file data.csv (CSV, C-alpha atoms)
chain,number,residue,atom,x,y,z
A,1299,MET,CA,60.5,71.1,-0.1
A,1300,GLU,CA,60.5,71.1,-3.9
A,1301,THR,CA,62.4,68.4,-5.6
A,1302,ASN,CA,63.9,68.3,-9.1
A,1303,LYS,CA,61.7,66.0,-11.2
A,1304,CYS,CA,64.9,64.3,-12.6
A,1305,ILE,CA,65.9,63.2,-9.1
A,1306,PRO,CA,64.4,59.8,-8.2
A,1307,LYS,CA,62.2,59.7,-5.2
A,1308,ILE,CA,62.8,56.7,-2.9
A,1309,ALA,CA,61.0,55.5,0.2
A,1310,VAL,CA,63.3,54.0,2.7
A,1311,LEU,CA,61.5,51.6,5.2
A,1312,LEU,CA,63.2,51.1,8.6
A,1313,SER,CA,61.8,49.0,11.4
A,1314,SER,CA,63.4,50.0,14.7
A,1315,TYR,CA,63.6,48.2,18.1
A,1316,ASN,CA,65.8,49.3,21.0
A,1317,GLY,CA,68.4,50.5,18.4
A,1318,SER,CA,69.9,53.5,20.2
A,1319,ARG,CA,73.4,52.0,20.0
A,1320,PHE,CA,73.7,52.3,16.2
A,1321,ILE,CA,70.6,53.8,14.7
A,1322,GLN,CA,71.8,57.4,14.7
A,1323,THR,CA,74.8,56.5,12.5
A,1324,GLN,CA,72.5,54.6,10.1
A,1325,ILE,CA,69.9,57.3,9.8
A,1326,ASP,CA,72.6,59.9,9.1
A,1327,SER,CA,74.0,57.6,6.3
A,1328,ILE,CA,70.5,57.3,4.8
A,1329,LEU,CA,70.0,61.1,4.8
A,1330,ASN,CA,73.5,61.5,3.2
A,1331,GLN,CA,72.6,59.6,0.0
A,1332,LYS,CA,73.7,61.2,-3.2
A,1333,ASP,CA,71.6,62.0,-6.3
A,1334,VAL,CA,68.3,60.8,-4.8
A,1335,PHE,CA,65.5,62.3,-2.8
A,1336,VAL,CA,64.9,60.2,0.3
A,1337,THR,CA,61.9,60.0,2.5
A,1338,LEU,CA,62.6,57.8,5.5
A,1339,PHE,CA,59.7,55.9,7.1
A,1340,ILE,CA,60.5,54.5,10.5
A,1341,ARG,CA,58.1,52.1,12.3
A,1342,ASP,CA,59.2,51.6,15.9
A,1343,ASP,CA,58.2,48.1,16.9
A,1344,GLY,CA,57.5,48.7,20.5
A,1345,SER,CA,60.9,49.8,21.8
A,1346,ASN,CA,61.2,50.1,25.6
A,1347,ASP,CA,64.5,51.8,25.4
A,1348,GLU,CA,64.0,55.5,26.3
A,1349,ARG,CA,67.1,56.6,24.4
A,1350,THR,CA,65.8,55.0,21.2
A,1351,LEU,CA,62.5,56.7,21.6
A,1352,LYS,CA,64.1,60.1,22.4
A,1353,LEU,CA,66.3,59.8,19.2
A,1354,LEU,CA,63.2,59.0,17.1
A,1355,ASP,CA,61.4,62.0,18.5
A,1356,GLU,CA,64.3,64.3,17.5
A,1357,TYR,CA,64.4,62.8,14.0
A,1358,ASN,CA,60.7,63.2,13.6
A,1359,GLU,CA,61.2,66.9,13.4
A,1360,ASN,CA,62.9,66.4,10.1
A,1361,PRO,CA,60.4,66.9,7.2
A,1362,ASN,CA,62.0,64.0,5.3
A,1363,ILE,CA,61.5,61.5,8.2
A,1364,ILE,CA,58.2,60.0,9.2
A,1365,VAL,CA,58.2,58.1,12.5
A,1366,LYS,CA,55.4,56.0,13.9
A,1367,LYS,CA,55.6,54.3,17.3
A,1368,GLU,CA,53.6,51.1,17.3
A,1369,ARG,CA,53.1,48.0,19.3
A,1370,ASN,CA,55.5,45.1,19.0
A,1371,ILE,CA,54.5,42.7,16.2
A,1372,GLY,CA,57.9,41.3,15.2
A,1373,LEU,CA,60.4,42.1,12.6
A,1374,ALA,CA,58.8,40.6,9.5
A,1375,LYS,CA,55.3,42.0,10.1
A,1376,SER,CA,56.7,45.4,11.0
A,1377,PHE,CA,58.6,45.7,7.7
A,1378,MET,CA,55.6,44.4,5.7
A,1379,ASN,CA,53.3,46.9,7.4
A,1380,LEU,CA,55.7,49.7,6.2
A,1381,VAL,CA,55.4,48.3,2.7
A,1382,TYR,CA,51.6,48.4,2.8
A,1383,GLU,CA,51.4,51.9,4.4
A,1384,VAL,CA,53.8,53.7,2.2
A,1385,GLY,CA,51.7,53.3,-1.0
A,1386,THR,CA,52.9,53.7,-4.6
A,1387,GLU,CA,53.7,57.4,-4.9
A,1388,TYR,CA,57.5,56.9,-5.0
A,1389,ASP,CA,59.7,55.8,-7.8
A,1390,TYR,CA,61.6,53.2,-5.8
A,1391,TYR,CA,61.4,51.5,-2.4
A,1392,CYS,CA,63.9,49.8,-0.1
A,1393,PHE,CA,64.5,48.3,3.3
A,1394,SER,CA,66.9,49.4,5.9
A,1395,ASP,CA,68.2,47.8,9.1
A,1396,GLN,CA,68.8,50.0,12.1
A,1397,ASP,CA,72.5,49.2,12.7
A,1398,ASP,CA,74.3,49.3,9.4
A,1399,ILE,CA,76.1,52.1,7.5
A,1400,TRP,CA,75.3,53.0,3.9
A,1401,LEU,CA,77.9,54.4,1.6
A,1402,GLU,CA,76.7,57.6,0.0
A,1403,TYR,CA,76.0,56.1,-3.5
A,1404,LYS,CA,74.2,52.9,-2.3
A,1405,LEU,CA,70.8,53.9,-3.6
A,1406,ILE,CA,71.7,55.6,-6.9
A,1407,LYS,CA,73.9,52.6,-7.8
A,1408,ALA,CA,70.9,50.3,-7.4
A,1409,ILE,CA,68.6,52.6,-9.3
A,1410,GLU,CA,71.0,52.8,-12.2
A,1411,LYS,CA,70.8,49.0,-12.5
A,1412,ILE,CA,67.0,48.8,-12.6
A,1413,LYS,CA,65.7,52.1,-13.9
A,1414,GLU,CA,65.1,50.9,-17.5
A,1415,LYS,CA,63.2,47.8,-16.5
A,1416,LYS,CA,59.5,47.6,-17.5
A,1417,ILE,CA,58.7,44.6,-15.4
A,1418,PRO,CA,58.6,44.1,-11.6
A,1419,THR,CA,62.3,44.3,-10.6
A,1420,LEU,CA,64.2,43.8,-7.4
A,1421,TYR,CA,67.9,44.8,-6.9
A,1422,VAL,CA,70.1,43.1,-4.3
A,1423,SER,CA,73.8,43.4,-3.6
A,1424,ASN,CA,76.8,42.0,-1.8
A,1425,GLN,CA,77.7,43.4,1.6
A,1426,THR,CA,80.9,44.4,3.5
A,1427,LEU,CA,80.9,42.9,6.9
A,1428,ILE,CA,82.1,45.0,9.8
A,1429,ASP,CA,82.2,44.4,13.6
A,1430,SER,CA,80.4,46.5,16.3
A,1431,ASN,CA,83.2,49.0,16.2
A,1432,GLY,CA,83.1,49.5,12.4
A,1433,ASN,CA,86.2,47.4,11.7
A,1434,TYR,CA,86.4,45.6,8.3
A,1435,LEU,CA,85.8,41.8,8.6
A,1436,ALA,CA,85.2,40.5,5.0
A,1437,LYS,CA,83.2,40.7,1.9
A,1438,ARG,CA,80.1,38.5,2.7
A,1439,HIS,CA,79.6,36.6,-0.6
A,1440,LYS,CA,82.6,35.3,-2.4
A,1441,LYS,CA,80.8,34.2,-5.6
A,1442,LEU,CA,77.8,35.3,-7.6
A,1443,LEU,CA,74.4,34.4,-6.1
A,1444,SER,CA,71.6,32.6,-7.9
A,1445,THR,CA,68.6,34.9,-8.5
A,1446,GLY,CA,66.2,32.0,-9.2
A,1447,TYR,CA,63.2,31.2,-7.0
A,1448,LYS,CA,64.6,27.8,-5.8
A,1449,GLN,CA,67.6,29.5,-4.1
A,1450,ILE,CA,65.3,31.9,-2.2
A,1451,LEU,CA,62.8,29.2,-1.3
A,1452,CYS,CA,65.4,26.8,0.0
A,1453,ASN,CA,68.1,29.0,1.5
A,1454,ASN,CA,67.7,32.7,0.9
A,1455,LEU,CA,71.0,34.5,0.7
A,1456,PHE,CA,69.7,38.0,-0.2
A,1457,SER,CA,69.6,40.5,2.7
A,1458,GLY,CA,66.6,42.9,2.9
A,1459,CYS,CA,68.9,45.8,3.7
A,1460,THR,CA,70.4,45.6,0.2
A,1461,MET,CA,67.0,45.4,-1.5
A,1462,VAL,CA,65.7,48.2,-3.8
A,1463,TRP,CA,62.7,47.7,-6.0
A,1464,ASN,CA,60.6,49.6,-8.6
A,1465,GLU,CA,57.0,50.7,-8.4
A,1466,LEU,CA,55.8,47.8,-10.5
A,1467,LEU,CA,56.9,45.4,-7.8
A,1468,GLN,CA,55.6,47.6,-5.1
A,1469,GLU,CA,52.1,47.4,-6.6
A,1470,ILE,CA,52.2,43.6,-6.4
A,1471,LEU,CA,53.6,43.6,-2.9
A,1472,ILE,CA,50.7,45.8,-1.7
A,1473,GLN,CA,48.1,43.8,-3.5
A,1474,TYR,CA,49.2,40.2,-2.6
A,1475,LYS,CA,49.9,39.9,1.1
A,1476,PRO,CA,51.5,36.9,2.9
A,1477,SER,CA,49.8,35.4,5.9
A,1478,ASP,CA,50.8,36.1,9.5
A,1479,GLU,CA,51.6,32.3,9.8
A,1480,LEU,CA,54.2,32.6,7.0
A,1481,LEU,CA,55.8,35.7,8.4
A,1482,GLN,CA,56.4,33.8,11.6
A,1483,LYS,CA,58.5,31.3,9.6
A,1484,ARG,CA,60.0,33.4,6.8
A,1485,ILE,CA,60.8,37.1,7.2
A,1486,HIS,CA,60.0,40.0,4.9
A,1487,ASP,CA,63.0,39.8,2.6
A,1488,VAL,CA,62.3,36.2,1.7
A,1489,TRP,CA,58.8,37.1,0.7
A,1490,VAL,CA,59.9,40.1,-1.4
A,1491,GLY,CA,62.6,38.0,-3.1
A,1492,MET,CA,60.2,35.1,-3.9
A,1493,VAL,CA,57.6,37.4,-5.4
A,1494,ALA,CA,60.1,39.2,-7.6
A,1495,SER,CA,61.6,35.9,-8.7
A,1496,VAL,CA,58.4,34.4,-10.0
A,1497,VAL,CA,56.6,37.5,-11.5
A,1498,GLY,CA,59.5,39.7,-12.5
A,1499,THR,CA,63.3,39.7,-12.3
A,1500,ILE,CA,66.1,40.1,-9.8
A,1501,ILE,CA,69.3,41.9,-10.5
A,1502,TYR,CA,72.3,40.9,-8.3
A,1503,ASP,CA,75.2,43.3,-7.9
A,1504,ASP,CA,78.4,41.7,-6.6
A,1505,GLU,CA,79.6,45.1,-5.5
A,1506,SER,CA,78.9,46.3,-2.0
A,1507,TYR,CA,77.7,49.7,-1.0
A,1508,ILE,CA,76.7,48.8,2.6
A,1509,LEU,CA,78.7,48.2,5.8
A,1510,TYR,CA,76.8,45.3,7.3
A,1511,ARG,CA,77.4,45.4,11.0
A,1512,GLN,CA,77.8,42.1,12.9
A,1513,HIS,CA,77.2,42.3,16.7
A,1514,GLU,CA,75.8,40.3,19.6
A,1515,ASN,CA,72.3,41.9,19.2
A,1516,ASN,CA,71.7,41.2,15.5
A,1517,VAL,CA,68.1,40.0,14.9
A,1518,VAL,CA,69.3,38.6,11.6
A,1519,GLY,CA,72.8,38.3,10.2
A,1520,VAL,CA,75.6,35.9,9.4
A,1521,LYS,CA,75.2,33.0,11.7
A,1522,LYS,CA,76.7,29.5,11.9
A,1523,SER,CA,74.1,26.8,11.7
A,1524,LYS,CA,74.1,23.9,14.2
A,1525,LYS,CA,72.0,21.3,12.4
A,1526,LEU,CA,71.1,19.0,15.4
A,1527,LYS,CA,69.9,21.9,17.5
A,1528,GLU,CA,68.0,23.2,14.5
A,1529,TYR,CA,66.1,19.9,14.1
A,1530,ILE,CA,65.3,19.7,17.8
A,1531,LYS,CA,63.9,23.2,17.7
A,1532,LYS,CA,61.7,22.4,14.8
A,1533,PHE,CA,60.3,19.2,16.4
A,1534,LYS,CA,59.5,21.1,19.6
A,1535,ASN,CA,58.2,24.3,18.0
A,1536,SER,CA,55.6,24.0,15.1
A,1537,ASN,CA,56.1,27.7,14.3
A,1538,LEU,CA,59.6,26.8,12.9
A,1539,ARG,CA,58.4,23.9,10.7
A,1540,ASN,CA,57.5,23.8,7.0
A,1541,GLY,CA,58.6,27.3,6.2
A,1542,ARG,CA,59.6,26.3,2.6
A,1543,SER,CA,56.4,24.4,1.8
A,1544,ILE,CA,54.2,27.1,3.3
A,1545,LEU,CA,56.0,29.7,1.3
A,1546,ALA,CA,55.7,27.7,-1.9
A,1547,LYS,CA,51.9,27.2,-1.3
A,1548,GLU,CA,51.2,30.9,-0.6
A,1549,ILE,CA,53.2,32.1,-3.6
A,1550,TYR,CA,51.3,29.6,-5.8
A,1551,LEU,CA,47.9,30.4,-4.5
A,1552,LEU,CA,48.3,34.2,-4.5
A,1553,LEU,CA,50.3,34.7,-7.7
A,1554,LYS,CA,49.6,31.7,-10.0
A,1555,ASP,CA,47.8,34.0,-12.5
A,1556,LYS,CA,50.8,36.2,-12.7
A,1557,ILE,CA,53.4,33.4,-13.0
A,1558,LEU,CA,54.0,33.0,-16.7
A,1559,ASP,CA,56.2,29.9,-16.5
A,1560,ASP,CA,54.0,26.8,-16.1
A,1561,SER,CA,56.9,24.7,-14.9
A,1562,ILE,CA,57.4,27.1,-11.9
A,1563,LYS,CA,53.7,26.9,-11.1
A,1564,GLU,CA,53.9,23.1,-11.2
A,1565,GLU,CA,56.9,23.0,-8.9
A,1566,LEU,CA,55.5,25.4,-6.4
A,1567,ASN,CA,52.3,23.4,-6.3
A,1568,TYR,CA,53.9,20.1,-5.4
A,1569,ILE,CA,56.4,21.6,-3.0
A,1570,GLY,CA,53.5,23.4,-1.2
A,1571,ASN,CA,51.3,20.3,-1.0
A,1572,TYR,CA,53.7,17.4,-0.6
A,1573,GLN,CA,52.4,16.6,2.9
A,1574,GLU,CA,48.9,15.9,1.5
A,1575,SER,CA,49.8,13.2,-1.0
A,1576,LYS,CA,52.2,10.3,-1.0
A,1577,LYS,CA,52.7,10.8,-4.7
A,1578,LEU,CA,53.8,14.4,-4.3
A,1579,LYS,CA,56.0,13.5,-1.3
A,1580,LYS,CA,57.7,10.8,-3.5
A,1581,LYS,CA,58.2,13.4,-6.2
A,1582,LEU,CA,59.7,15.9,-3.8
A,1583,LEU,CA,62.1,13.2,-2.5
A,1584,LYS,CA,63.3,12.5,-6.0
A,1585,ASP,CA,63.8,16.2,-6.9
A,1586,LEU,CA,67.5,16.4,-6.7
A,1587,THR,CA,67.6,19.9,-8.1
A,1588,LEU,CA,66.1,21.3,-4.9
A,1589,TYR,CA,68.4,20.0,-2.2
A,1590,LYS,CA,71.4,21.5,-3.9
A,1591,TYR,CA,70.0,24.9,-3.1
A,1592,THR,CA,69.4,24.1,0.6
A,1593,GLY,CA,73.1,24.0,1.7
A,1594,GLU,CA,72.3,20.7,3.3
A,1595,SER,CA,73.3,17.1,2.4
A,1596,LYS,CA,71.0,14.8,0.4
A,1597,LEU,CA,70.3,12.9,3.6
A,1598,GLU,CA,69.4,16.0,5.6
A,1599,TYR,CA,67.1,17.0,2.7
A,1600,LYS,CA,65.3,13.7,2.7
A,1601,ILE,CA,64.9,13.6,6.5
A,1602,LYS,CA,63.2,17.0,6.4
A,1603,VAL,CA,60.8,15.9,3.6
A,1604,ARG,CA,60.0,12.5,5.2
A,1605,PHE,CA,59.2,14.1,8.6
A,1606,ASN,CA,57.3,17.0,7.1
A,1607,LEU,CA,59.9,19.6,8.1
A,1608,PHE,CA,60.5,21.0,4.6

call {"tool": "encode", "arguments": {"input": "data.csv", "output": "structure tokens"}}
result
Amino acid sequence: METNKCIPKIAVLLSSYNGSRFIQTQIDSILNQKDVFVTLFIRDDGSNDERTLKLLDEYNENPNIIVKKERNIGLAKSFMNLVYEVGTEYDYYCFSDQDDIWLEYKLIKAIEKIKEKKIPTLYVSNQTLIDSNGNYLAKRHKKLLSTGYKQILCNNLFSGCTMVWNELLQEILIQYKPSDELLQKRIHDVWVGMVASVVGTIIYDDESYILYRQHENNVVGVKKSKKLKEYIKKFKNSNLRNGRSILAKEIYLLLKDKILDDSIKEELNYIGNYQESKKLKKKLLKDLTLYKYTGESKLEYKIKVRFNLF
């Protein structure tokens, strides 16, 4: 199908897994986007639900949808594999969950915000929360979100399903890949947000163009944290520990030559290596700018640092 050169081409990346309950509604909302030309890439992450697989077979007949059925590797790796495989032939790129509903101007509104940027740029937005039946619950974020790297590192508030980025950022994401260890601790949207925050820019839109569904089977979503249970889980399971410091270390090691701000490089270095030096740990304990981004108390922050859980 020939497309008008003035219409932006966008690759939508969706990782599916046993999503038959809502995925049809979501795919239809993606295909109904206005003023953009969409190619939807779906990587099925080892679904064992026959209805999901049948739906994907039906959609695979659409020339604008490319479906691959793969083995289960987990949410973060599945999405990042899509990033790597789609290449750089599109104007813009974005993630999609399998259970939301996009308003018809979601993508073009994002593109309007970032189209003039000449540096790696990521767009993120607010969300409208709905229940499993599509009933309105609330606007997710009540105030403007920080777009700095410290917020993403300590307590990421940006959702992958709102992310849209330009080709300049896509080139970096393909070239500099996070480790499997990191993707067990921090999912794809945290990595993409961190990369954009240190080598380019992030634009936050307080408007919402997505109905973000909350239901009992959400893999990620709006969840209430229970601190004691969280600490116990981290002590028992090493895969849950040190997500922030490992993220800081990998960002520093992979991208230090592209980070123009020396103060950011210095901060990432000591956050990433605080366990290896008493001097660096002491410095991290005294860094009162960081804990304010964690959503935790000063005491909770210090406990995590002292016991190498940060």

call {"tool": "closest_residue", "arguments": {"input": "data.csv", "among": "A:Asn1316, A:Thr1386, A:Thr1337, A:Asn1433", "to": "Ile1472 in chain A", "atoms": "only C-alpha atoms"}}
result
A:Thr1386

call {"tool": "closest_residue", "arguments": {"input": "data.csv", "among": "A:Gly1446, A:Asp1555, A:Asn1606, A:Asp1395", "to": "Glu1574 in chain A", "atoms": "all atoms listed in the file"}}
result
A:Asn1606

call {"tool": "atom_distance", "arguments": {"input": "data.csv", "atom1": "CA of Leu1566 in chain A", "atom2": "CA of Ile1549 in chain A"}}
result
7.6 Å

call {"tool": "atom_distance", "arguments": {"input": "data.csv", "atom1": "CA of Ile1328 in chain A", "atom2": "CA of Glu1402 in chain A"}}
result
7.8 Å

call {"tool": "closest_residue", "arguments": {"input": "data.csv", "among": "A:Gly1432, A:Pro1418, A:Pro1361, A:Gly1317", "to": "Gly1498 in chain A", "atoms": "all atoms listed in the file"}}
result
A:Pro1418

call {"tool": "residues_around", "arguments": {"input": "data.csv", "residues": "Arg1484 in chain A", "least_positions_apart": "2", "cutoff": "8 Å", "atoms": "only C-alpha atoms", "output": "PyMOL selection string"}}
result
chain A and resi 1374+1480-1482+1486+1488-1489+1541+1545

call {"tool": "residues_around", "arguments": {"input": "data.csv", "residues": "range 1575-1588 of chain A", "least_positions_apart": "5", "cutoff": "12 Å", "atoms": "all atoms listed in the file", "output": "count of residues only"}}
result
33

call {"tool": "atom_distance", "arguments": {"input": "data.csv", "atom1": "CA of Tyr1315 in chain A", "atom2": "CA of Asp1429 in chain A"}}
result
19.5 Å

call {"tool": "closest_residue", "arguments": {"input": "data.csv", "among": "A:Asp1504, A:Glu1414, A:Glu1548, A:Glu1356", "to": "Lys1475 in chain A", "atoms": "only C-alpha atoms"}}
result
A:Glu1548

call {"tool": "closest_residue", "arguments": {"input": "data.csv", "among": "A:Tyr1591, A:Tyr1403, A:Phe1377, A:Tyr1391", "to": "Lys1307 in chain A", "atoms": "only C-alpha atoms"}}
result
A:Tyr1391

call {"tool": "closest_residue", "arguments": {"input": "data.csv", "among": "A:Phe1393, A:Tyr1510, A:Tyr1421, A:Phe1320", "to": "Gly1458 in chain A", "atoms": "only C-alpha atoms"}}
result
A:Phe1393

call {"tool": "residues_around", "arguments": {"input": "data.csv", "residues": "Thr1323 in chain A", "least_positions_apart": "2", "cutoff": "12 Å", "atoms": "only C-alpha atoms", "output": "list of chain:residue names"}}
result
A:Gly1317, A:Ser1318, A:Arg1319, A:Phe1320, A:Ile1321, A:Ile1325, A:Asp1326, A:Ser1327, A:Ile1328, A:Leu1329, A:Asn1330, A:Leu1353, A:Asp1395, A:Gln1396, A:Asp1397, A:Asp1398, A:Ile1399, A:Trp1400, A:Leu1401, A:Asn1431, A:Gly1432, A:Leu1509, A:Arg1511

call {"tool": "residues_around", "arguments": {"input": "data.csv", "residues": "Leu1311 in chain A", "least_positions_apart": "4", "cutoff": "12 Å", "atoms": "all atoms listed in the file", "output": "PyMOL selection string"}}
result
chain A and resi 1325+1328+1336-1342+1363-1366+1376-1385+1390-1396+1458-1463+1486

call {"tool": "residues_near_point", "arguments": {"input": "data.csv", "point": "(64.7, 36.7, -9.9)", "cutoff": "9 Å", "atoms": "all atoms listed in the file", "output": "list in words"}}
result
Thr1419, Leu1420, Ser1444, Thr1445, Gly1446, Tyr1447, Gly1491, Met1492, Val1493, Ala1494, Ser1495, Val1496, Val1497, Gly1498, Thr1499, Ile1500, Ile1501 and Tyr1502 of chain A
